[in-house]
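Asks: target.txt is the file, holding compact mmCIF, C-alpha atoms:
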# COMPACT_ATOMS: atom_id res chain seq x y z
CA MET A 15 134.77 55.11 53.37
CA LYS A 16 135.16 58.52 51.80
CA LYS A 17 131.48 58.56 50.96
CA ALA A 18 130.56 57.74 54.57
CA LEU A 19 132.66 60.67 55.82
CA ILE A 20 130.92 63.03 53.40
CA VAL A 21 127.50 61.82 54.59
CA ILE A 22 128.50 62.21 58.27
CA GLY A 23 129.89 65.68 57.57
CA ALA A 24 126.70 66.72 55.77
CA LEU A 25 124.57 65.42 58.66
CA LEU A 26 126.67 67.36 61.19
CA VAL A 27 126.32 70.57 59.19
CA ALA A 28 122.57 70.03 58.79
CA GLY A 29 122.25 69.33 62.54
CA ALA A 30 124.19 72.47 63.47
CA ALA A 31 122.05 74.54 61.08
CA ALA A 32 118.85 73.09 62.55
CA ALA A 33 120.06 73.84 66.11
CA ALA A 34 121.01 77.40 65.15
CA GLY A 35 117.61 77.84 63.46
CA LEU A 36 115.83 76.56 66.56
CA LEU A 37 117.73 79.01 68.81
CA TYR A 38 117.16 81.94 66.48
CA SER A 39 113.46 81.17 66.06
CA GLY A 40 113.01 81.99 69.77
CA VAL A 41 110.81 78.93 70.21
CA TYR A 42 112.68 78.01 73.43
CA ASP A 43 110.87 79.74 76.30
CA VAL A 44 113.31 81.26 78.85
CA SER A 45 110.48 82.37 81.16
CA ALA A 46 110.90 81.20 84.76
CA LEU A 47 107.15 80.50 84.67
CA ALA A 48 107.66 77.84 82.00
CA GLN A 49 108.92 74.82 83.93
CA HIS A 50 111.31 72.34 82.35
CA LEU A 51 109.86 69.28 80.65
CA GLY A 52 110.11 66.26 82.97
CA PRO A 53 112.85 64.55 80.92
CA THR A 54 114.79 67.83 80.59
CA PHE A 55 114.74 68.30 84.37
CA ARG A 56 115.91 64.73 84.97
CA VAL A 57 118.73 65.02 82.43
CA LEU A 58 119.92 68.31 83.96
CA ASP A 59 119.66 66.85 87.47
CA VAL A 60 121.77 63.82 86.56
CA ALA A 61 124.31 66.04 84.77
CA MET A 62 124.55 68.32 87.82
CA LYS A 63 124.96 65.47 90.31
CA ARG A 64 127.59 63.70 88.17
CA SER A 65 129.47 66.95 87.67
CA VAL A 66 129.56 67.55 91.43
CA LYS A 67 130.53 63.94 92.24
CA VAL A 68 133.47 63.91 89.86
CA ARG A 69 134.80 67.18 91.25
CA SER A 70 134.25 66.50 94.94
CA LYS A 71 135.69 62.98 95.16
CA ASP A 72 139.12 64.01 96.50
CA ILE A 73 137.87 66.52 99.05
CA VAL A 74 138.90 65.54 102.59
CA VAL A 75 136.03 66.08 105.02
CA PRO A 76 137.06 67.39 108.48
CA PRO A 77 135.22 66.16 111.61
CA LEU A 78 131.77 67.80 111.40
CA GLU A 79 129.90 66.58 114.49
CA ASN A 80 131.39 69.38 116.55
CA PRO A 81 128.89 71.56 118.47
CA ALA A 82 130.99 74.75 118.11
CA LEU A 83 131.29 74.25 114.33
CA ILE A 84 127.57 73.46 113.97
CA ALA A 85 126.65 76.60 115.96
CA ARG A 86 128.75 78.75 113.59
CA GLY A 87 127.09 76.98 110.68
CA ARG A 88 123.70 77.78 112.17
CA ALA A 89 124.60 81.49 112.02
CA ARG A 90 125.92 81.28 108.42
CA PHE A 91 122.73 79.38 107.47
CA GLU A 92 120.56 82.16 108.91
CA GLU A 93 122.64 84.83 107.11
CA HIS A 94 122.99 83.23 103.68
CA CYS A 95 120.86 80.11 103.11
CA VAL A 96 117.39 80.39 104.65
CA GLN A 97 116.33 83.18 102.25
CA CYS A 98 116.15 80.75 99.31
CA HIS A 99 116.11 77.31 100.91
CA GLY A 100 113.84 77.89 103.90
CA ALA A 101 114.31 75.81 107.06
CA PRO A 102 112.20 73.47 109.20
CA GLY A 103 108.94 75.38 109.67
CA VAL A 104 110.32 78.44 107.81
CA ALA A 105 109.33 79.34 104.22
CA PRO A 106 111.83 80.73 101.72
CA HIS A 107 111.47 84.47 101.04
CA ALA A 108 108.89 85.38 98.42
CA PHE A 109 111.45 86.24 95.72
CA ALA A 110 113.01 82.79 96.02
CA LEU A 111 109.69 81.06 95.35
CA GLY A 112 109.87 82.51 91.83
CA LEU A 113 113.15 80.82 90.98
CA THR A 114 113.34 78.08 88.35
CA PRO A 115 114.56 75.63 89.47
CA ALA A 116 113.28 76.15 93.04
CA ALA A 117 116.02 75.94 95.67
CA ALA A 118 116.34 72.53 97.34
CA ASN A 119 115.01 71.79 100.81
CA LEU A 120 118.26 71.31 102.71
CA VAL A 121 116.85 68.90 105.28
CA SER A 122 116.62 66.37 102.47
CA THR A 123 120.01 67.41 101.06
CA GLY A 124 121.59 66.98 104.50
CA GLU A 125 120.12 63.50 104.74
CA LEU A 126 120.94 62.30 101.22
CA TRP A 127 124.09 64.11 100.06
CA PRO A 128 127.65 63.32 101.22
CA ALA A 129 129.37 66.20 103.02
CA GLN A 130 132.03 66.72 100.33
CA ASP A 131 129.33 67.17 97.65
CA ILE A 132 127.50 69.75 99.75
CA TYR A 133 130.80 71.54 100.43
CA TRP A 134 131.63 71.61 96.70
CA VAL A 135 128.23 73.08 95.75
CA VAL A 136 128.32 75.70 98.53
CA ARG A 137 131.82 76.77 97.59
CA HIS A 138 131.48 76.72 93.79
CA GLY A 139 127.77 77.41 93.27
CA LEU A 140 125.73 76.02 90.38
CA LYS A 141 125.68 77.85 87.07
CA MET A 142 122.21 78.87 85.77
CA THR A 143 120.37 77.85 88.95
CA GLY A 144 120.60 80.89 91.22
CA MET A 145 122.95 79.05 93.61
CA PRO A 146 125.89 81.43 94.08
CA ALA A 147 129.49 80.48 94.75
CA TRP A 148 130.29 81.31 98.38
CA GLU A 149 134.06 80.91 98.14
CA PHE A 150 134.62 84.67 98.04
CA ARG A 151 132.02 85.47 100.73
CA ILE A 152 132.66 82.92 103.45
CA PRO A 153 136.08 81.80 104.77
CA ASP A 154 136.81 78.12 104.12
CA GLU A 155 136.43 77.14 107.77
CA ASP A 156 132.96 78.68 107.79
CA LEU A 157 132.03 76.87 104.57
CA TRP A 158 132.68 73.66 106.50
CA ALA A 159 130.69 75.02 109.44
CA THR A 160 127.77 75.56 107.06
CA VAL A 161 128.12 72.00 105.74
CA ALA A 162 128.26 70.70 109.33
CA PHE A 163 124.98 72.46 110.05
CA VAL A 164 123.28 71.17 106.88
CA LYS A 165 124.34 67.62 107.79
CA TRP A 166 122.91 68.25 111.29
CA LEU A 167 119.58 69.67 110.01
CA PRO A 168 117.76 66.31 109.59
CA LYS A 169 118.16 65.70 113.33
CA LEU A 170 116.23 68.86 114.21
CA SER A 171 112.48 69.27 114.70
CA PRO A 172 111.08 72.65 113.66
CA ALA A 173 111.02 73.57 117.37
CA ASP A 174 114.66 72.48 117.82
CA TYR A 175 115.64 74.58 114.80
CA ALA A 176 113.85 77.67 116.12
CA ALA A 177 115.37 77.26 119.60
CA MET A 178 118.93 76.62 118.41
CA LYS A 179 121.33 79.50 118.97
CA GLY A 180 123.90 80.34 116.30
CA ASP A 181 127.43 81.62 116.85
CA ALA A 182 127.82 84.78 114.73
CA SER A 183 131.63 84.86 114.99
CA ARG A 184 133.56 84.36 111.76
CA ALA A 185 136.74 82.48 111.00
CA ALA A 186 139.78 84.73 110.40
CA GLU A 187 140.98 85.22 106.84
CA GLY A 188 144.60 84.17 107.40
CA THR A 189 147.61 85.40 105.40
CA HIS A 190 148.15 84.55 101.76
CA PRO A 191 150.66 85.58 99.08
CA VAL A 192 149.42 87.96 96.34
CA ASP A 193 147.89 85.88 93.53
CA PRO A 194 146.85 87.66 90.29
CA GLU A 195 145.12 84.54 88.89
CA ARG A 196 142.98 84.33 92.00
CA GLY A 197 142.34 88.04 91.45
CA ARG A 198 140.94 87.28 88.01
CA LEU A 199 138.49 84.84 89.57
CA ALA A 200 137.61 87.40 92.26
CA ILE A 201 136.89 89.99 89.55
CA ARG A 202 134.21 87.67 88.23
CA GLN A 203 132.94 87.00 91.71
CA TYR A 204 132.43 90.71 92.43
CA ALA A 205 130.55 91.09 89.11
CA CYS A 206 132.88 93.90 87.94
CA VAL A 207 132.10 92.98 84.34
CA THR A 208 128.46 94.07 84.71
CA CYS A 209 129.70 97.71 84.68
CA HIS A 210 133.17 97.62 83.11
CA LYS A 211 134.66 96.26 79.92
CA ILE A 212 137.41 93.88 81.04
CA PRO A 213 139.14 91.95 78.26
CA GLY A 214 139.50 88.30 79.23
CA ILE A 215 136.42 88.26 81.46
CA VAL A 216 133.28 86.84 79.84
CA GLY A 217 130.07 88.67 80.72
CA ALA A 218 128.03 91.76 79.96
CA ASN A 219 131.10 94.05 79.67
CA ALA A 220 128.56 96.89 79.81
CA PRO A 221 129.90 100.45 79.49
CA VAL A 222 128.36 101.73 82.72
CA GLY A 223 131.78 102.82 83.95
CA PRO A 224 135.06 103.13 82.05
CA SER A 225 136.85 100.26 80.35
CA LEU A 226 139.52 98.60 82.49
CA ALA A 227 141.39 97.37 79.40
CA HIS A 228 144.48 99.48 80.00
CA LEU A 229 144.33 99.78 83.75
CA GLY A 230 147.90 98.56 84.10
CA VAL A 231 149.22 101.61 82.24
CA ARG A 232 146.75 104.19 83.60
CA LYS A 233 148.36 106.98 85.61
CA ILE A 234 145.32 108.03 87.66
CA ILE A 235 142.51 105.89 89.05
CA GLY A 236 139.20 106.89 90.62
CA GLY A 237 139.65 110.36 89.09
CA HIS A 238 142.48 111.44 91.37
CA LEU A 239 144.53 108.62 92.93
CA PRO A 240 147.99 107.76 91.58
CA ASN A 241 147.73 104.26 90.13
CA THR A 242 149.66 102.10 92.59
CA PRO A 243 148.66 98.56 93.62
CA GLY A 244 147.98 99.85 97.14
CA ASN A 245 145.75 102.70 95.96
CA LEU A 246 143.89 100.45 93.55
CA ALA A 247 143.22 97.88 96.27
CA ALA A 248 142.07 100.66 98.64
CA PHE A 249 139.74 102.08 95.97
CA LEU A 250 138.28 98.63 95.22
CA ARG A 251 137.47 98.19 98.91
CA GLU A 252 136.03 101.66 99.57
CA PRO A 253 135.24 103.47 96.31
CA ARG A 254 132.86 105.87 98.03
CA LYS A 255 135.54 107.01 100.44
CA TYR A 256 137.48 108.32 97.43
CA LYS A 257 134.49 109.32 95.32
CA PRO A 258 131.60 109.99 97.72
CA ASP A 259 129.09 110.86 94.97
CA GLY A 260 130.23 108.03 92.71
CA ALA A 261 128.03 105.34 91.22
CA MET A 262 130.53 102.61 92.08
CA PRO A 263 129.25 100.90 95.23
CA GLU A 264 131.10 99.31 98.12
CA LEU A 265 130.97 95.62 97.33
CA GLY A 266 132.25 94.22 100.60
CA VAL A 267 135.62 93.37 99.04
CA THR A 268 137.99 91.70 101.49
CA GLU A 269 141.58 92.87 101.83
CA ARG A 270 142.92 89.69 100.24
CA ASP A 271 140.49 89.84 97.31
CA ALA A 272 141.23 93.56 96.70
CA ARG A 273 144.97 92.90 96.67
CA ASP A 274 144.65 89.98 94.25
CA MET A 275 142.27 91.90 91.95
CA ALA A 276 144.59 94.92 91.93
CA ALA A 277 147.48 92.61 91.00
CA TRP A 278 145.57 91.20 88.01
CA LEU A 279 144.21 94.56 86.86
CA GLY A 280 147.72 95.99 87.13
CA GLN A 281 148.81 93.61 84.36
CA GLN A 282 146.17 94.81 81.89
CA GLY A 283 147.41 96.78 78.89
CA ARG A 284 151.06 96.18 79.69
CA MET B 22 112.34 126.70 43.74
CA ARG B 23 111.14 124.77 46.75
CA ALA B 24 112.50 121.52 45.28
CA TRP B 25 115.93 123.10 44.90
CA LEU B 26 115.84 124.27 48.47
CA ILE B 27 114.98 120.80 49.76
CA LEU B 28 117.68 119.25 47.59
CA ALA B 29 120.21 121.73 48.91
CA LEU B 30 119.21 120.96 52.49
CA VAL B 31 119.38 117.19 51.96
CA MET B 32 122.78 117.44 50.33
CA SER B 33 124.21 119.81 52.86
CA SER B 34 123.25 117.93 56.01
CA PRO B 35 125.71 114.98 55.82
CA ALA B 36 128.54 117.30 54.87
CA HIS B 37 127.46 119.57 57.69
CA ALA B 38 127.63 116.67 60.17
CA GLY B 39 131.12 115.87 58.89
CA ASP B 40 132.17 119.47 59.42
CA GLU B 41 130.87 119.34 62.99
CA LYS B 42 132.92 116.21 63.66
CA ASP B 43 136.05 117.72 62.18
CA LYS B 44 135.54 120.84 64.25
CA ALA B 45 135.03 118.78 67.41
CA ARG B 46 138.18 116.74 66.70
CA LEU B 47 140.12 119.96 66.26
CA LEU B 48 138.78 121.30 69.55
CA LEU B 49 139.61 118.05 71.37
CA ARG B 50 143.18 118.41 70.09
CA GLN B 51 143.37 122.12 70.87
CA PHE B 52 142.34 121.59 74.48
CA GLY B 53 144.88 118.78 74.83
CA CYS B 54 142.29 116.15 75.83
CA GLY B 55 144.37 113.44 74.17
CA SER B 56 147.32 113.89 76.50
CA CYS B 57 145.22 112.22 79.21
CA HIS B 58 142.57 110.25 77.27
CA ARG B 59 142.37 107.85 74.37
CA ILE B 60 139.87 109.30 71.87
CA PRO B 61 139.01 107.50 68.60
CA GLU B 62 139.98 109.35 65.43
CA VAL B 63 141.60 112.23 67.25
CA ALA B 64 145.29 112.54 66.33
CA ASP B 65 147.71 111.86 69.22
CA ALA B 66 144.83 111.17 71.63
CA VAL B 67 146.48 108.15 73.24
CA GLY B 68 146.83 109.30 76.84
CA ASP B 69 146.52 106.85 79.70
CA VAL B 70 146.18 109.27 82.58
CA GLY B 71 142.39 109.08 82.77
CA PRO B 72 139.96 106.57 81.28
CA SER B 73 139.66 105.88 77.56
CA LEU B 74 136.82 107.78 75.88
CA GLU B 75 136.25 105.04 73.30
CA LYS B 76 132.50 104.36 72.92
CA PHE B 77 131.82 107.20 75.33
CA GLY B 78 128.29 107.64 73.94
CA ALA B 79 127.35 104.25 75.36
CA ARG B 80 128.73 105.02 78.83
CA SER B 81 126.16 105.32 81.63
CA TYR B 82 128.03 107.83 83.81
CA ILE B 83 130.31 110.81 83.41
CA ALA B 84 133.22 110.81 85.87
CA GLY B 85 131.42 107.96 87.61
CA ILE B 86 128.94 110.47 89.03
CA LEU B 87 126.60 112.18 86.54
CA PRO B 88 124.13 110.43 84.22
CA ASN B 89 125.55 110.69 80.72
CA ASN B 90 123.61 113.36 78.86
CA THR B 91 124.73 116.37 76.84
CA ASP B 92 124.09 119.03 79.49
CA ASN B 93 125.94 117.05 82.16
CA LEU B 94 128.87 116.43 79.86
CA VAL B 95 129.08 120.12 78.96
CA ARG B 96 129.05 120.94 82.66
CA PHE B 97 131.80 118.44 83.42
CA ILE B 98 134.00 119.57 80.53
CA ARG B 99 133.63 123.22 81.54
CA ASP B 100 134.03 122.80 85.28
CA PRO B 101 135.11 119.28 86.28
CA ARG B 102 135.66 120.17 89.95
CA SER B 103 132.05 121.28 90.31
CA VAL B 104 131.17 117.61 89.73
CA ASP B 105 134.02 115.90 91.60
CA SER B 106 135.97 118.21 93.90
CA ARG B 107 138.96 115.86 93.95
CA THR B 108 139.23 115.06 90.26
CA ALA B 109 142.61 115.28 88.57
CA MET B 110 140.93 116.73 85.47
CA PRO B 111 141.71 120.45 85.34
CA ASN B 112 139.48 123.34 84.40
CA LEU B 113 140.64 124.13 80.86
CA GLY B 114 138.65 127.30 80.36
CA VAL B 115 136.37 125.76 77.73
CA GLY B 116 133.55 128.02 76.48
CA GLU B 117 129.96 126.85 76.24
CA ALA B 118 129.89 126.47 72.44
CA HIS B 119 133.18 124.59 72.33
CA ALA B 120 132.10 122.31 75.17
CA ARG B 121 128.85 121.57 73.31
CA ALA B 122 130.72 120.67 70.13
CA MET B 123 133.08 118.32 71.99
CA ALA B 124 130.23 116.79 73.99
CA ALA B 125 128.26 116.09 70.81
CA TYR B 126 131.29 114.33 69.30
CA LEU B 127 132.03 112.26 72.41
CA ARG B 128 128.40 111.26 72.76
CA SER B 129 128.35 110.11 69.14
CA LEU B 130 131.07 107.52 69.89
CA ARG B 131 129.39 104.15 70.25
Take the structure in the file and give it back as C-alpha cells.
Replies:
Amino acid sequence: MKKALIVIGALLVAGAAAAAGLLYSGVYDVSALAQHLGPTFRVLDVAMKRSVKVRSKDIVVPPLENPALIARGRARFEEHCVQCHGAPGVAPHAFALGLTPAAANLVSTGELWPAQDIYWVVRHGLKMTGMPAWEFRIPDEDLWATVAFVKWLPKLSPADYAAMKGDASRAAEGTHPVDPERGRLAIRQYACVTCHKIPGIVGANAPVGPSLAHLGVRKIIGGHLPNTPGNLAAFLREPRKYKPDGAMPELGVTERDARDMAAWLGQQGR
Amino acid sequence: MRAWLILALVMSSPAHAGDEKDKARLLLRQFGCGSCHRIPEVADAVGDVGPSLEKFGARSYIAGILPNNTDNLVRFIRDPRSVDSRTAMPNLGVGEAHARAMAAYLRSLR
C-alpha cells in the first residue's frame, strides 16, 4: 500500500515535470495561423458546451417571439455581433477572419442552441476565444433582445435580413444599490489592469499609469481632485474632462459601473 | 600608468553611482517629495496625497500626460503646471541640476 503511494507520487511528480518542460520548451505554437489539432478542437468544443449547459440550466427564458424585442435585437446585432459573426449574405470584417477559433455563424447557433445557452454566452463571453462578455455593455433586457434576434435569424433569407429594420433604442439602466464586489468585476471588464497595478485583479498589471494599490487612502486623484467616491466615479466616467491632455481614455463607463468601481477602489489600502 | 588609471576608473564608478543615489535621496527629502508620494528607500517618503513612485522607471507616463523620459521628468519636476495646469503638485523651485539628479534616481526605480 505504502509502496503504491510512493509510485503514484513519483509518477505525478514526473508528469508535472514533463508538462513544465513541454511548456518551457516553447514547442506549443500559440500562432493563430496554427489551427488546433482535430481532437484538440473537439475536446475544447465539448468542454465549452458542457460548461455553458451546466451554468445556464436555471436561467428562465422570457417570451422571445415578440416583434418589438426582435427589432431591438436586430439593432444590437448590427452594433455588436455582425463584425465577427457576419450575417445572412454579410461577411465578417476582415480582422475577424483572422481569429482562431473563427466566430460561429449565428444562423446555425440560433437553430441549434437553446435560448438560455445563447444568453449565457452573450452575457459572460468565452475565455480565450475572442467572444467578449457583454454584461457590462448591454443592459439585461437588451441581452435578451439580442438572443431573441439570434433565435429569429434562421427564419430570415438574406434579403429579409437586409430589409429588416432595427430599433436603435436601448433599455434603461434602472436603479441599483452600490455594490463594491460588482465594482471589482467591472474593473476587470473595463480592462483597468492593462494600465494600472491593482492588487487582487489578475492581468497584465502594467505600469502605464500609477498603481491603484492604495487608492482608498489617497488624498488627491487625477492630479487635482479631492478623493471622494463621487469625484472618483466622475473621473472614471470622464477622465479627459478633468485631465484633457491625459493618456487615460474615456471608456464608456456607465454611472452604475463607475459608482461600483469607485466603491471597490475606495477600499484599497485601508 | 594607464593600467592604474583604468583600475581607478573601474573602482570609482560603482561608488560614484552610489553617491549619486544618496545625493538624489537627500534631494528628494529636502524638497519634501515624500510628504505626498511613497518613494522606495527615501526616509519618511510615505505620503498618500499623489501616486506612489515605486517602480517609477517602468511607468509609461509622467502625470498621465508626458512619455516617461528624463527630459520630460525634469520638466515636470521643475514646472508641474506647465504640463498639467490643474495639478495639485506645486512648483518647488527645483534647479535644473537637482531636478536631473532626482529624475535619474526615480527613473532607476524598476
Asks: For chain B, which residues have at least one atom within 7 Å of chain A, if we go by all atoms listed in the file? Write them as a PDB file with C-alpha atoms, in the coordinates of the input, please.
Replies:
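Listing of iface_19.pdb after writing:
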ATOM      1  CA  ASP B  69     146.520 106.850  79.700  1.00  0.00           C
ATOM      2  CA  VAL B  70     146.180 109.270  82.580  1.00  0.00           C
ATOM      3  CA  GLY B  71     142.390 109.080  82.770  1.00  0.00           C
ATOM      4  CA  PRO B  72     139.960 106.570  81.280  1.00  0.00           C
ATOM      5  CA  SER B  73     139.660 105.880  77.560  1.00  0.00           C
ATOM      6  CA  ALA B  79     127.350 104.250  75.360  1.00  0.00           C
ATOM      7  CA  ARG B  80     128.730 105.020  78.830  1.00  0.00           C
ATOM      8  CA  SER B  81     126.160 105.320  81.630  1.00  0.00           C
ATOM      9  CA  TYR B  82     128.030 107.830  83.810  1.00  0.00           C
ATOM     10  CA  GLY B  85     131.420 107.960  87.610  1.00  0.00           C
ATOM     11  CA  ILE B  86     128.940 110.470  89.030  1.00  0.00           C
ATOM     12  CA  ARG B 107     138.960 115.860  93.950  1.00  0.00           C
ATOM     13  CA  THR B 108     139.230 115.060  90.260  1.00  0.00           C
ATOM     14  CA  ALA B 109     142.610 115.280  88.570  1.00  0.00           C
TER      15      ALA B 109
END
Asks: Env of Arg131 (chain B): 9 Å cut, atoms = only C-alpha atoms, seq-sep filter 4 positions within chain, self excluded. Answer as a PyMOL selection string.
Replies: chain B and resi 75-80+127
Asks: In Å, with one decimal, what is the gap from CA of Val164 (chain A) to CA of Val68 (chain A)?
Replies: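 A separation of 21.1 Å between them.
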Asks: Using only C-alpha atoms, which protein or nucleic acid residues come within 10 Å of Glu269 (chain A)? Drop anything in the same chain fewer than 6 positions from it, and give the result as a ChimeraX atom specification.
Replies: /A:187,247-248,250-251,275
Asks: Mind pulling up the distance from CA of Ala177 (chain A) to CA of Ala116 (chain A)?
Replies: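 Going from CA of Ala116 (chain A) over to CA of Ala177 (chain A) covers 26.7 Å.
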Asks: Need to verify the contact set: Pro263 (chain A), 9 Å, only C-alpha atoms, exclusion of same-chain residues closer than 3 positions in sequence. Can you return it as a PyMOL selection string?
Replies: chain A and resi 252-254+260
Asks: Take the residues from that selection and put them in a file with C-alpha atoms, as a PDB file, keeping the file's coordinate frame.
Replies:
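Below you can see again.pdb, which holds the result:
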ATOM      1  CA  GLU A 252     136.030 101.660  99.570  1.00  0.00           C
ATOM      2  CA  PRO A 253     135.240 103.470  96.310  1.00  0.00           C
ATOM      3  CA  ARG A 254     132.860 105.870  98.030  1.00  0.00           C
ATOM      4  CA  GLY A 260     130.230 108.030  92.710  1.00  0.00           C
TER       5      GLY A 260
END
Asks: So what do you get for CA of Ser103 (chain B) versus CA of Asn90 (chain B), distance-wise?
Replies: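 Value for the CA of Ser103 (chain B)-CA of Asn90 (chain B) distance: 16.3 Å.
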Asks: Nearest residue to Val66 (chain A) out of A:Pro191, A:Gly144, A:Pro128, A:Pro172, using all atoms listed in the file?
Replies: A:Pro128
Asks: Could you give me, as a list of chain:residue names, the residues within 10 Å of region 152-157 of chain A, counting all atoms listed in the file and dropping anything in the same chain fewer than 6 positions from it?
Replies: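 After dropping sequence-adjacent residues, the list is A:Pro76, A:Leu83, A:Ile84, A:Arg86, A:Gly87, A:Ala89, A:Arg90, A:His94, A:Ile132, A:Tyr133, A:Trp134, A:Val136, A:Arg137, A:Phe163, A:Ser183, A:Arg184, A:Ala185, A:Ala186, A:Glu187, A:Gly188.
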Asks: Could you pull the residues within 7 Å of Leu74 (chain B), counting all atoms listed in the file, minus those fewer than 3 positions along the same chain, as an MDAnalysis selection string?
Replies: chainID B and resid 58:60 77
Asks: Keeping C-alpha atoms, export the residues of the selection given above as a compact mmCIF listing (two decimals), keeping the file's coordinate frame.
Replies:
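Here's the written file part-v3.txt:
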# COMPACT_ATOMS: atom_id res chain seq x y z
CA HIS B 58 142.57 110.25 77.27
CA ARG B 59 142.37 107.85 74.37
CA ILE B 60 139.87 109.30 71.87
CA PHE B 77 131.82 107.20 75.33
Asks: Once 4 Å is added on each side, what centre and edge lengths in Å to one decimal does the axis-aligned box around all listed atoms of region 70-86 of chain A have, as AutoDock Vina command-line options?
Replies:
--center_x 132.9 --center_y 70.9 --center_z 106.7 --size_x 20.5 --size_y 23.8 --size_z 31.5
